[in-house]
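Asks: What follows is the file run_4.pdb, containing PDB, C-alpha atoms:
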```pdb
ATOM      1  CA  MET Y   1      17.031 -52.880 -39.737  1.00  0.00           C
ATOM      2  CA  ASP Y   2      19.053 -50.008 -41.231  1.00  0.00           C
ATOM      3  CA  GLY Y   3      15.833 -48.245 -42.268  1.00  0.00           C
ATOM      4  CA  GLU Y   4      14.465 -48.480 -38.752  1.00  0.00           C
ATOM      5  CA  LYS Y   5      17.602 -46.899 -37.255  1.00  0.00           C
ATOM      6  CA  ARG Y   6      17.448 -44.068 -39.753  1.00  0.00           C
ATOM      7  CA  ARG Y   7      13.790 -43.385 -38.898  1.00  0.00           C
ATOM      8  CA  LEU Y   8      14.628 -43.174 -35.164  1.00  0.00           C
ATOM      9  CA  LYS Y   9      17.829 -41.181 -35.715  1.00  0.00           C
ATOM     10  CA  LYS Y  10      16.125 -38.333 -37.570  1.00  0.00           C
ATOM     11  CA  PRO Y  11      13.611 -37.388 -34.758  1.00  0.00           C
ATOM     12  CA  LEU Y  12      16.411 -37.668 -32.187  1.00  0.00           C
ATOM     13  CA  GLU Y  13      18.541 -35.203 -34.186  1.00  0.00           C
ATOM     14  CA  VAL Y  14      15.649 -32.754 -34.340  1.00  0.00           C
ATOM     15  CA  LEU Y  15      15.038 -33.190 -30.580  1.00  0.00           C
ATOM     16  CA  GLY Y  16      18.722 -32.607 -29.824  1.00  0.00           C
ATOM     17  CA  ARG Y  17      18.856 -29.534 -32.024  1.00  0.00           C
ATOM     18  CA  TYR Y  18      15.764 -27.856 -30.479  1.00  0.00           C
ATOM     19  CA  LYS Y  19      16.015 -29.142 -26.896  1.00  0.00           C
ATOM     20  CA  TYR Y  20      16.357 -25.637 -25.350  1.00  0.00           C
ATOM     21  CA  VAL Y  21      13.429 -24.249 -27.306  1.00  0.00           C
ATOM     22  CA  LEU Y  22      11.278 -27.178 -26.221  1.00  0.00           C
ATOM     23  CA  LEU Y  23      12.438 -26.770 -22.608  1.00  0.00           C
ATOM     24  CA  VAL Y  24      11.477 -23.072 -22.534  1.00  0.00           C
ATOM     25  CA  ALA Y  25       8.113 -23.823 -24.162  1.00  0.00           C
ATOM     26  CA  GLY Y  26       7.444 -26.542 -21.580  1.00  0.00           C
ATOM     27  CA  ILE Y  27       8.286 -24.234 -18.679  1.00  0.00           C
ATOM     28  CA  GLY Y  28       6.033 -21.545 -20.155  1.00  0.00           C
ATOM     29  CA  ALA Y  29       3.153 -24.018 -20.411  1.00  0.00           C
ATOM     30  CA  LEU Y  30       3.665 -25.038 -16.775  1.00  0.00           C
ATOM     31  CA  LEU Y  31       3.613 -21.416 -15.635  1.00  0.00           C
ATOM     32  CA  LEU Y  32       0.356 -20.823 -17.506  1.00  0.00           C
ATOM     33  CA  LEU Y  33      -1.201 -23.817 -15.759  1.00  0.00           C
ATOM     34  CA  TRP Y  34       0.134 -22.770 -12.321  1.00  0.00           C
ATOM     35  CA  PRO Y  35      -2.834 -22.133  -9.963  1.00  0.00           C
ATOM     36  CA  GLU Y  36      -3.473 -18.539  -8.931  1.00  0.00           C
ATOM     37  CA  LYS Y  37      -4.286 -17.305  -5.429  1.00  0.00           C
ATOM     38  CA  PRO Y  38      -7.718 -18.647  -4.514  1.00  0.00           C
ATOM     39  CA  ALA Y  39     -10.442 -16.051  -4.754  1.00  0.00           C
ATOM     40  CA  ALA Y  40     -11.963 -14.873  -1.488  1.00  0.00           C
ATOM     41  CA  ALA Y  41     -15.498 -15.910  -0.747  1.00  0.00           C
ATOM     42  CA  PRO Y  42     -18.086 -13.333  -1.824  1.00  0.00           C
ATOM     43  CA  GLY Y  43     -18.762 -10.813   0.912  1.00  0.00           C
ATOM     44  CA  THR Y  44     -15.412 -11.441   2.619  1.00  0.00           C
ATOM     45  CA  PRO Y  45     -13.498  -8.192   2.963  1.00  0.00           C
ATOM     46  CA  GLU Y  46      -9.868  -8.316   1.963  1.00  0.00           C
ATOM     47  CA  ALA Y  47      -7.326  -6.717   4.283  1.00  0.00           C
ATOM     48  CA  PRO Y  48      -5.509  -3.869   2.572  1.00  0.00           C
ATOM     49  CA  VAL Y  49      -1.785  -4.374   2.128  1.00  0.00           C
ATOM     50  CA  GLY Y  50      -0.025  -1.087   2.768  1.00  0.00           C
ATOM     51  CA  GLY Y  51      -3.145   0.724   1.633  1.00  0.00           C
ATOM     52  CA  ILE Y  52      -4.441   4.074   2.771  1.00  0.00           C
ATOM     53  CA  SER Y  53      -7.657   2.743   4.241  1.00  0.00           C
ATOM     54  CA  ALA Y  54      -6.338   3.027   7.793  1.00  0.00           C
ATOM     55  CA  SER Y  55      -8.017   5.934   9.569  1.00  0.00           C
ATOM     56  CA  VAL Y  56      -6.140   8.491  11.644  1.00  0.00           C
ATOM     57  CA  SER Y  57      -7.387   6.868  14.859  1.00  0.00           C
ATOM     58  CA  GLU Y  58      -6.103   3.466  13.693  1.00  0.00           C
ATOM     59  CA  THR Y  59      -2.732   5.038  12.838  1.00  0.00           C
ATOM     60  CA  GLU Y  60      -2.600   6.724  16.251  1.00  0.00           C
ATOM     61  CA  ALA Y  61      -3.410   3.441  18.015  1.00  0.00           C
ATOM     62  CA  ALA Y  62      -0.718   1.595  16.062  1.00  0.00           C
ATOM     63  CA  MET Y  63       1.811   4.331  16.868  1.00  0.00           C
ATOM     64  CA  GLU Y  64       0.899   4.210  20.577  1.00  0.00           C
ATOM     65  CA  GLN Y  65       1.478   0.474  20.602  1.00  0.00           C
ATOM     66  CA  ILE Y  66       4.889   0.674  18.923  1.00  0.00           C
ATOM     67  CA  LEU Y  67       6.088   3.775  20.796  1.00  0.00           C
ATOM     68  CA  GLY Y  68       5.169   2.110  24.096  1.00  0.00           C
ATOM     69  CA  LYS Y  69       7.796  -0.539  23.347  1.00  0.00           C
ATOM     70  CA  ILE Y  70      10.636   2.007  23.311  1.00  0.00           C
ATOM     71  CA  ASN Y  71      12.712   1.797  26.485  1.00  0.00           C
ATOM     72  CA  GLY Y  72      11.682   4.499  28.976  1.00  0.00           C
ATOM     73  CA  VAL Y  73       8.526   5.684  27.202  1.00  0.00           C
ATOM     74  CA  GLY Y  74       5.931   4.012  29.466  1.00  0.00           C
ATOM     75  CA  ARG Y  75       2.282   4.915  28.908  1.00  0.00           C
ATOM     76  CA  VAL Y  76       1.767   6.903  25.728  1.00  0.00           C
ATOM     77  CA  ASP Y  77      -0.966   8.798  23.884  1.00  0.00           C
ATOM     78  CA  VAL Y  78      -0.553  10.083  20.315  1.00  0.00           C
ATOM     79  CA  MET Y  79      -2.549  12.721  18.467  1.00  0.00           C
ATOM     80  CA  LEU Y  80      -2.007  13.410  14.771  1.00  0.00           C
ATOM     81  CA  THR Y  81      -3.418  16.321  12.796  1.00  0.00           C
ATOM     82  CA  LEU Y  82      -3.872  16.079   9.043  1.00  0.00           C
ATOM     83  CA  GLN Y  83      -2.798  18.545   6.370  1.00  0.00           C
ATOM     84  CA  SER Y  84      -4.674  16.519   3.736  1.00  0.00           C
ATOM     85  CA  GLY Y  85      -6.357  13.131   3.770  1.00  0.00           C
ATOM     86  CA  GLY Y  86      -5.463  10.137   1.665  1.00  0.00           C
ATOM     87  CA  GLU Y  87      -7.289   9.241  -1.481  1.00  0.00           C
ATOM     88  CA  ARG Y  88      -7.326   6.725  -4.281  1.00  0.00           C
ATOM     89  CA  VAL Y  89      -7.380   7.715  -7.932  1.00  0.00           C
ATOM     90  CA  LEU Y  90      -9.541   5.293  -9.878  1.00  0.00           C
ATOM     91  CA  ALA Y  91      -9.065   4.332 -13.519  1.00  0.00           C
ATOM     92  CA  GLN Y  92     -11.598   6.029 -15.776  1.00  0.00           C
ATOM     93  CA  ASP Y  93     -12.787   5.127 -19.245  1.00  0.00           C
ATOM     94  CA  SER Y  94     -13.744   8.424 -20.885  1.00  0.00           C
ATOM     95  CA  THR Y  95     -15.441   8.999 -24.197  1.00  0.00           C
ATOM     96  CA  LEU Y  96     -16.074  12.238 -26.060  1.00  0.00           C
ATOM     97  CA  ARG Y  97     -18.835  12.528 -28.647  1.00  0.00           C
ATOM     98  CA  TYR Y  98     -19.387  15.616 -30.740  1.00  0.00           C
ATOM     99  CA  SER Y  99     -21.640  16.652 -33.547  1.00  0.00           C
ATOM    100  CA  GLY Y 100     -20.689  18.817 -36.500  1.00  0.00           C
ATOM    101  CA  SER Y 101     -17.227  19.170 -37.920  1.00  0.00           C
ATOM    102  CA  SER Y 102     -14.209  18.128 -35.894  1.00  0.00           C
ATOM    103  CA  GLN Y 103     -12.676  21.612 -36.403  1.00  0.00           C
ATOM    104  CA  SER Y 104     -15.593  23.447 -34.760  1.00  0.00           C
ATOM    105  CA  PRO Y 105     -18.103  21.056 -33.205  1.00  0.00           C
ATOM    106  CA  ASP Y 106     -21.675  22.221 -32.653  1.00  0.00           C
ATOM    107  CA  ASP Y 107     -22.144  20.214 -29.502  1.00  0.00           C
ATOM    108  CA  TYR Y 108     -20.228  17.645 -27.530  1.00  0.00           C
ATOM    109  CA  GLN Y 109     -20.875  15.165 -24.738  1.00  0.00           C
ATOM    110  CA  ARG Y 110     -18.264  13.748 -22.402  1.00  0.00           C
ATOM    111  CA  SER Y 111     -18.942  10.585 -20.441  1.00  0.00           C
ATOM    112  CA  SER Y 112     -16.749   8.799 -17.964  1.00  0.00           C
ATOM    113  CA  GLU Y 113     -17.046   5.395 -16.366  1.00  0.00           C
ATOM    114  CA  THR Y 114     -14.976   3.832 -13.577  1.00  0.00           C
ATOM    115  CA  VAL Y 115     -12.981   0.818 -14.782  1.00  0.00           C
ATOM    116  CA  THR Y 116     -13.580  -2.420 -12.893  1.00  0.00           C
ATOM    117  CA  ASP Y 117     -12.171  -5.899 -13.104  1.00  0.00           C
ATOM    118  CA  SER Y 118     -13.049  -9.152 -11.372  1.00  0.00           C
ATOM    119  CA  GLY Y 119     -11.455  -7.895  -8.122  1.00  0.00           C
ATOM    120  CA  GLY Y 120     -13.326  -4.563  -8.038  1.00  0.00           C
ATOM    121  CA  VAL Y 121     -12.367  -1.091  -9.148  1.00  0.00           C
ATOM    122  CA  VAL Y 122      -8.956  -0.447 -10.709  1.00  0.00           C
ATOM    123  CA  VAL Y 123      -6.820   1.951  -8.633  1.00  0.00           C
ATOM    124  CA  THR Y 124      -4.219   3.846 -10.662  1.00  0.00           C
ATOM    125  CA  GLN Y 125      -2.677   5.866  -7.830  1.00  0.00           C
ATOM    126  CA  GLU Y 126      -2.792   6.046  -4.031  1.00  0.00           C
ATOM    127  CA  ILE Y 127      -2.174   9.404  -2.395  1.00  0.00           C
ATOM    128  CA  TYR Y 128      -1.235   8.974   1.232  1.00  0.00           C
ATOM    129  CA  PRO Y 129      -2.307  11.403   3.967  1.00  0.00           C
ATOM    130  CA  GLN Y 130      -0.012  14.293   4.795  1.00  0.00           C
ATOM    131  CA  TYR Y 131       0.302  15.129   8.471  1.00  0.00           C
ATOM    132  CA  ARG Y 132       0.452  18.665   9.856  1.00  0.00           C
ATOM    133  CA  GLY Y 133       1.773  17.801  13.312  1.00  0.00           C
ATOM    134  CA  ALA Y 134       2.006  15.236  16.093  1.00  0.00           C
ATOM    135  CA  LEU Y 135       1.652  15.428  19.862  1.00  0.00           C
ATOM    136  CA  VAL Y 136       3.005  12.584  21.973  1.00  0.00           C
ATOM    137  CA  VAL Y 137       2.271  12.462  25.705  1.00  0.00           C
ATOM    138  CA  CYS Y 138       4.275   9.789  27.511  1.00  0.00           C
ATOM    139  CA  GLU Y 139       5.556   8.978  31.005  1.00  0.00           C
ATOM    140  CA  GLY Y 140       9.168   9.256  29.868  1.00  0.00           C
ATOM    141  CA  GLY Y 141       8.569  12.621  28.181  1.00  0.00           C
ATOM    142  CA  GLY Y 142      10.663  14.411  30.789  1.00  0.00           C
ATOM    143  CA  ASN Y 143      13.821  12.528  29.735  1.00  0.00           C
ATOM    144  CA  ASP Y 144      15.716  14.160  26.856  1.00  0.00           C
ATOM    145  CA  ALA Y 145      17.005  10.824  25.489  1.00  0.00           C
ATOM    146  CA  VAL Y 146      13.481   9.358  25.439  1.00  0.00           C
ATOM    147  CA  ARG Y 147      12.104  12.504  23.777  1.00  0.00           C
ATOM    148  CA  LEU Y 148      14.774  12.283  21.079  1.00  0.00           C
ATOM    149  CA  GLU Y 149      13.975   8.623  20.354  1.00  0.00           C
ATOM    150  CA  VAL Y 150      10.231   9.306  20.231  1.00  0.00           C
ATOM    151  CA  VAL Y 151      10.702  12.286  17.883  1.00  0.00           C
ATOM    152  CA  ALA Y 152      12.887  10.157  15.599  1.00  0.00           C
ATOM    153  CA  ALA Y 153      10.329   7.318  15.578  1.00  0.00           C
ATOM    154  CA  VAL Y 154       7.341   9.598  14.904  1.00  0.00           C
ATOM    155  CA  SER Y 155       9.293  11.385  12.171  1.00  0.00           C
ATOM    156  CA  ALA Y 156      10.092   8.069  10.501  1.00  0.00           C
ATOM    157  CA  LEU Y 157       6.460   6.930  10.663  1.00  0.00           C
ATOM    158  CA  THR Y 158       4.794  10.146   9.518  1.00  0.00           C
ATOM    159  CA  GLY Y 159       7.396  12.018   7.476  1.00  0.00           C
ATOM    160  CA  LEU Y 160       7.091  15.044   9.769  1.00  0.00           C
ATOM    161  CA  GLY Y 161      10.107  17.139  10.643  1.00  0.00           C
ATOM    162  CA  ALA Y 162      11.224  17.382  14.266  1.00  0.00           C
ATOM    163  CA  ASP Y 163       9.830  20.936  14.443  1.00  0.00           C
ATOM    164  CA  ARG Y 164       6.298  19.558  13.959  1.00  0.00           C
ATOM    165  CA  ILE Y 165       6.504  16.863  16.660  1.00  0.00           C
ATOM    166  CA  THR Y 166       5.997  17.687  20.328  1.00  0.00           C
ATOM    167  CA  VAL Y 167       6.777  15.182  23.090  1.00  0.00           C
ATOM    168  CA  VAL Y 168       5.644  16.050  26.620  1.00  0.00           C
ATOM    169  CA  LYS Y 169       5.679  14.294  29.986  1.00  0.00           C
ATOM    170  CA  TRP Y 170       2.576  12.454  31.118  1.00  0.00           C
ATOM    171  CA  GLN Y 171       0.982  14.163  34.123  1.00  0.00           C
ATOM    172  CA  SER Y 172       1.198  11.823  37.098  1.00  0.00           C
ATOM    173  CA  ALA Y 173      -1.856  11.157  39.283  1.00  0.00           C
ATOM    174  CA  ALA Y 174      -0.092  12.749  42.277  1.00  0.00           C
ATOM    175  CA  GLY Y 175       0.627  15.922  40.286  1.00  0.00           C
ATOM    176  CA  ALA Y 176      -3.006  16.154  39.152  1.00  0.00           C
ATOM    177  CA  ALA Y 177      -4.269  15.783  42.747  1.00  0.00           C
ATOM    178  CA  ASN Y 178      -1.955  18.574  43.989  1.00  0.00           C
ATOM    179  CA  GLU Y 179      -3.228  21.047  41.372  1.00  0.00           C
ATOM    180  CA  SER Y 180      -6.921  20.535  42.213  1.00  0.00           C
TER     181      SER Y 180
END
```
Would you mind writing the structure in this file as structure tokens?
Replies:
Amino acid sequence: MDGEKRRLKKPLEVLGRYKYVLLVAGIGALLLLWPEKPAAAPGTPEAPVGGISASVSETEAAMEQILGKINGVGRVDVMLTLQSGGERVLAQDSTLRYSGSSQSPDDYQRSSETVTDSGGVVVTQEIYPQYRGALVVCEGGGNDAVRLEVVAAVSALTGLGADRITVVKWQSAAGAANES
């Protein structure tokens, strides 16, 4: 009986001594087995998350929707002009081959290939569009407080300074009929 107790006691001592190491190893194994996000079906476009794929017209429409919710704005139209468009910088795998000595090669060839993974091309950097100016036409454009709120909102959304944002009053139907 004493021999049996000694045989059981020795593994229990080892288990007690290395319990934290075994716990960390077990958690690591569980994390490796954790299921990933299911892959989208082939041909299904993925919606960009904070990407630059939104066009200027989509940005204008989104701004019109949100600006229209500001108290006193009413109907609103937005026009943005671009300084430079957005772009994505893709990862490149470049190779350089030359003939002759490395000090003064006779000829060389450079080749470059876009890096892809299972999800598509690998993007290393996103450069967002830079706006030149914004024009906002809204019903509340004649009110200074509304103009100030709209300028602040457009500035926050586009990064433009107040000197590059113009807010004007929407021409009413009665005013348009009087001028014609």
Asks: Do you have the CA of Ser57 in chain Y-CA of Asp77 in chain Y distance handy?
Replies: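 Distance between the two atoms: 11.2 Å.
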Asks: Which of these residues is nearest to Lys169 in chain Y, using only C-alpha atoms: Y:Met79, Y:Val151, Y:Val73, Y:Tyr131?
Replies: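 Closest candidate: Y:Val73.
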Asks: Skip Gln92 in chain Y itself and residues of its chain fewer than 2 positions away, then list as a PyMOL selection string all residues within 8 Å of it, counting all atoms listed in the file.
Replies: chain Y and resi 90+94+112-115
Asks: Could you state which residues are captured by the PyMOL selection byres ((chain Y and resi 158) around 12) in this file, as an mmCIF file with C-alpha atoms, keeping the file's coordinate frame?
Replies:
```cif
data_model
loop_
_atom_site.group_PDB
_atom_site.id
_atom_site.type_symbol
_atom_site.label_atom_id
_atom_site.label_comp_id
_atom_site.auth_asym_id
_atom_site.auth_seq_id
_atom_site.Cartn_x
_atom_site.Cartn_y
_atom_site.Cartn_z
ATOM 1 C CA VAL Y 56 -6.140 8.491 11.644
ATOM 2 C CA THR Y 59 -2.732 5.038 12.838
ATOM 3 C CA GLU Y 60 -2.600 6.724 16.251
ATOM 4 C CA MET Y 63 1.811 4.331 16.868
ATOM 5 C CA MET Y 79 -2.549 12.721 18.467
ATOM 6 C CA LEU Y 80 -2.007 13.410 14.771
ATOM 7 C CA THR Y 81 -3.418 16.321 12.796
ATOM 8 C CA LEU Y 82 -3.872 16.079 9.043
ATOM 9 C CA GLN Y 83 -2.798 18.545 6.370
ATOM 10 C CA TYR Y 128 -1.235 8.974 1.232
ATOM 11 C CA PRO Y 129 -2.307 11.403 3.967
ATOM 12 C CA GLN Y 130 -0.012 14.293 4.795
ATOM 13 C CA TYR Y 131 0.302 15.129 8.471
ATOM 14 C CA ARG Y 132 0.452 18.665 9.856
ATOM 15 C CA GLY Y 133 1.773 17.801 13.312
ATOM 16 C CA ALA Y 134 2.006 15.236 16.093
ATOM 17 C CA VAL Y 151 10.702 12.286 17.883
ATOM 18 C CA ALA Y 152 12.887 10.157 15.599
ATOM 19 C CA ALA Y 153 10.329 7.318 15.578
ATOM 20 C CA VAL Y 154 7.341 9.598 14.904
ATOM 21 C CA SER Y 155 9.293 11.385 12.171
ATOM 22 C CA ALA Y 156 10.092 8.069 10.501
ATOM 23 C CA LEU Y 157 6.460 6.930 10.663
ATOM 24 C CA GLY Y 159 7.396 12.018 7.476
ATOM 25 C CA LEU Y 160 7.091 15.044 9.769
ATOM 26 C CA GLY Y 161 10.107 17.139 10.643
ATOM 27 C CA ALA Y 162 11.224 17.382 14.266
ATOM 28 C CA ARG Y 164 6.298 19.558 13.959
ATOM 29 C CA ILE Y 165 6.504 16.863 16.660
#
```
Asks: Val137 in chain Y: which residues within 7 Å, counting only C-alpha atoms, same-chain residues fewer than 3 positions away excluded, as an mmCIF file with C-alpha atoms, in the frame of the given file?
Replies:
```cif
data_model
loop_
_atom_site.group_PDB
_atom_site.id
_atom_site.type_symbol
_atom_site.label_atom_id
_atom_site.label_comp_id
_atom_site.auth_asym_id
_atom_site.auth_seq_id
_atom_site.Cartn_x
_atom_site.Cartn_y
_atom_site.Cartn_z
ATOM 1 C CA VAL Y 76 1.767 6.903 25.728
ATOM 2 C CA ASP Y 77 -0.966 8.798 23.884
ATOM 3 C CA VAL Y 78 -0.553 10.083 20.315
ATOM 4 C CA GLY Y 141 8.569 12.621 28.181
ATOM 5 C CA VAL Y 167 6.777 15.182 23.090
ATOM 6 C CA VAL Y 168 5.644 16.050 26.620
ATOM 7 C CA LYS Y 169 5.679 14.294 29.986
ATOM 8 C CA TRP Y 170 2.576 12.454 31.118
#
```
Asks: Have a look at CA of Thr166 in chain Y and CA of Glu64 in chain Y and let me know their distance in Å, one decimal.
Replies: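 These atoms are spaced 14.4 Å apart.
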